[in-house]
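Down below is the structure, laid out as structure tokens.
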Amino acid sequence: MSVHNAGFQGHFPPETLATLDLPAALYNADVFEWYGRMNALKGGMAHSDVVVTVSPSHAESCARRKGGSGCTIDSPGWAIGWWGS
């Protein structure tokens, strides 16, 4: 997956999963659920083996849990590899 601007994560009501014909079981803290909303970026990242960003410094910022650029939506069970182009 490629992340160019983590400020636009795609927040939607939880019912959006049904509209997209996605299983309700995906609405959980490890996949799409984010503070009571569906987060499209989080769901995409949860299903990615690698997340690519626009630069090495952006990758470092996204991977940072505190003080990052907005990708700090990870879950404890994730093991995503980050790669800055």
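In the structure tokens, chains take letters A, B, ... by order of appearance, with residues numbered from 1 within each chain and ligands from 1 in the order shown.
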Residues near range 10-21 of chain A, cut-off 12 Å, only C-alpha atoms, skip fewer than 5 positions along chain, as JSON, numbers by chain: {"A": [5, 26, 27, 28, 31, 32, 33, 34, 35, 36, 37, 38, 39, 40, 41, 42, 43, 44]}
Limited to N, CA, C and O atoms, could you put the picked residues into a file as a CSV table (one decimal), in the first residue's frame?
chain,number,residue,atom,x,y,z
A,5,ASN,N,-0.6,11.0,1.9
A,5,ASN,CA,-1.0,12.0,2.8
A,5,ASN,C,-1.8,11.3,3.9
A,5,ASN,O,-3.0,11.1,3.7
A,26,LEU,N,-15.0,-7.6,10.1
A,26,LEU,CA,-13.8,-6.7,9.9
A,26,LEU,C,-13.9,-5.4,10.7
A,26,LEU,O,-12.9,-4.7,10.8
A,27,TYR,N,-15.1,-5.1,11.2
A,27,TYR,CA,-15.2,-3.9,12.0
A,27,TYR,C,-14.7,-4.2,13.5
A,27,TYR,O,-15.5,-4.6,14.3
A,28,ASN,N,-13.4,-4.2,13.7
A,28,ASN,CA,-12.9,-4.5,15.0
A,28,ASN,C,-11.6,-3.6,15.1
A,28,ASN,O,-11.1,-3.1,14.1
A,31,VAL,N,-8.7,-4.0,12.5
A,31,VAL,CA,-8.9,-3.8,11.1
A,31,VAL,C,-9.5,-2.4,10.8
A,31,VAL,O,-8.7,-1.5,10.6
A,32,PHE,N,-10.8,-2.2,10.8
A,32,PHE,CA,-11.4,-1.0,10.4
A,32,PHE,C,-11.8,-0.1,11.5
A,32,PHE,O,-12.0,1.1,11.3
A,33,GLU,N,-12.1,-0.6,12.7
A,33,GLU,CA,-12.6,0.3,13.8
A,33,GLU,C,-11.6,1.2,14.3
A,33,GLU,O,-10.5,0.9,14.6
A,34,TRP,N,-12.0,2.5,14.4
A,34,TRP,CA,-11.1,3.5,14.9
A,34,TRP,C,-11.9,4.6,15.6
A,34,TRP,O,-12.6,5.4,15.0
A,35,TYR,N,-11.9,4.5,16.9
A,35,TYR,CA,-12.7,5.5,17.8
A,35,TYR,C,-14.2,5.6,17.3
A,35,TYR,O,-14.7,6.7,17.2
A,36,GLY,N,-14.8,4.4,17.1
A,36,GLY,CA,-16.2,4.4,16.7
A,36,GLY,C,-16.5,4.7,15.3
A,36,GLY,O,-17.7,4.7,14.9
A,37,ARG,N,-15.5,4.8,14.5
A,37,ARG,CA,-15.7,5.1,13.0
A,37,ARG,C,-15.0,4.0,12.2
A,37,ARG,O,-14.1,3.3,12.7
A,38,MET,N,-15.4,3.9,11.0
A,38,MET,CA,-14.6,3.0,10.0
A,38,MET,C,-13.5,3.9,9.5
A,38,MET,O,-13.7,5.0,9.0
A,39,ASN,N,-12.3,3.4,9.5
A,39,ASN,CA,-11.1,4.1,9.0
A,39,ASN,C,-10.6,3.3,7.8
A,39,ASN,O,-10.0,2.2,8.0
A,40,ALA,N,-10.8,3.8,6.6
A,40,ALA,CA,-10.4,3.1,5.4
A,40,ALA,C,-8.9,2.9,5.3
A,40,ALA,O,-8.4,1.9,4.8
A,41,LEU,N,-8.1,3.9,5.7
A,41,LEU,CA,-6.7,3.8,5.6
A,41,LEU,C,-6.2,2.7,6.6
A,41,LEU,O,-5.4,1.8,6.2
A,42,LYS,N,-6.7,2.6,7.8
A,42,LYS,CA,-6.4,1.6,8.7
A,42,LYS,C,-6.7,0.2,8.2
A,42,LYS,O,-5.9,-0.7,8.3
A,43,GLY,N,-7.9,0.1,7.6
A,43,GLY,CA,-8.3,-1.2,7.0
A,43,GLY,C,-7.3,-1.6,5.9
A,43,GLY,O,-7.0,-2.8,5.8
A,44,GLY,N,-7.0,-0.7,5.1
A,44,GLY,CA,-6.0,-1.0,4.0
A,44,GLY,C,-4.6,-1.4,4.6
A,44,GLY,O,-4.0,-2.4,4.1
Neighbouring residues of Thr53 in chain A were defined as those with any atom within 6 Å, considering only C-alpha atoms; residues of the same chain fewer than 6 positions away were excluded. Please report them as a list in words.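 Here the answer would be Ser2, Val3, His4, Ala59 and Gly84 of chain A.
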Those selected residues, please, written with N, CA and C atoms and delivered as a PDB file, in the first residue's frame.
ATOM      1  N   SER A   2       0.450   2.262  -0.669  1.00  0.00           N
ATOM      2  CA  SER A   2       1.198   3.513  -0.734  1.00  0.00           C
ATOM      3  C   SER A   2       0.446   4.608   0.005  1.00  0.00           C
ATOM      4  N   VAL A   3       1.113   5.264   0.958  1.00  0.00           N
ATOM      5  CA  VAL A   3       0.528   6.367   1.718  1.00  0.00           C
ATOM      6  C   VAL A   3       1.221   7.651   1.294  1.00  0.00           C
ATOM      7  N   HIS A   4       0.434   8.600   0.799  1.00  0.00           N
ATOM      8  CA  HIS A   4       0.995   9.883   0.374  1.00  0.00           C
ATOM      9  C   HIS A   4       0.619  11.015   1.311  1.00  0.00           C
ATOM     10  N   ALA A  59       8.153   7.784   6.077  1.00  0.00           N
ATOM     11  CA  ALA A  59       7.961   6.429   6.617  1.00  0.00           C
ATOM     12  C   ALA A  59       8.263   6.408   8.111  1.00  0.00           C
ATOM     13  N   GLY A  84      10.151   3.783   2.731  1.00  0.00           N
ATOM     14  CA  GLY A  84      10.089   5.123   2.146  1.00  0.00           C
ATOM     15  C   GLY A  84      10.840   5.147   0.848  1.00  0.00           C
TER      16      GLY A  84
END
CA of Met1 in chain A and CA of His47 in chain A, how far apart in Å? 8.9 Å
So which bits of range 2-67 of chain A end up strand (DSSP E) when you DSSP the backbone, as number ranges by chain? A: 2-3, 11-12, 33-34, 37-39, 50-53
Across A:Gly7, A:Ala24, A:Ser61, A:Asp30, the smallest distance to Ala46 in chain A, with only C-alpha atoms counted, is shown by A:Asp30
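Across the model, the gap from CA of Ala6 in chain A to CA of Val51 in chain A is 11.7 Å.
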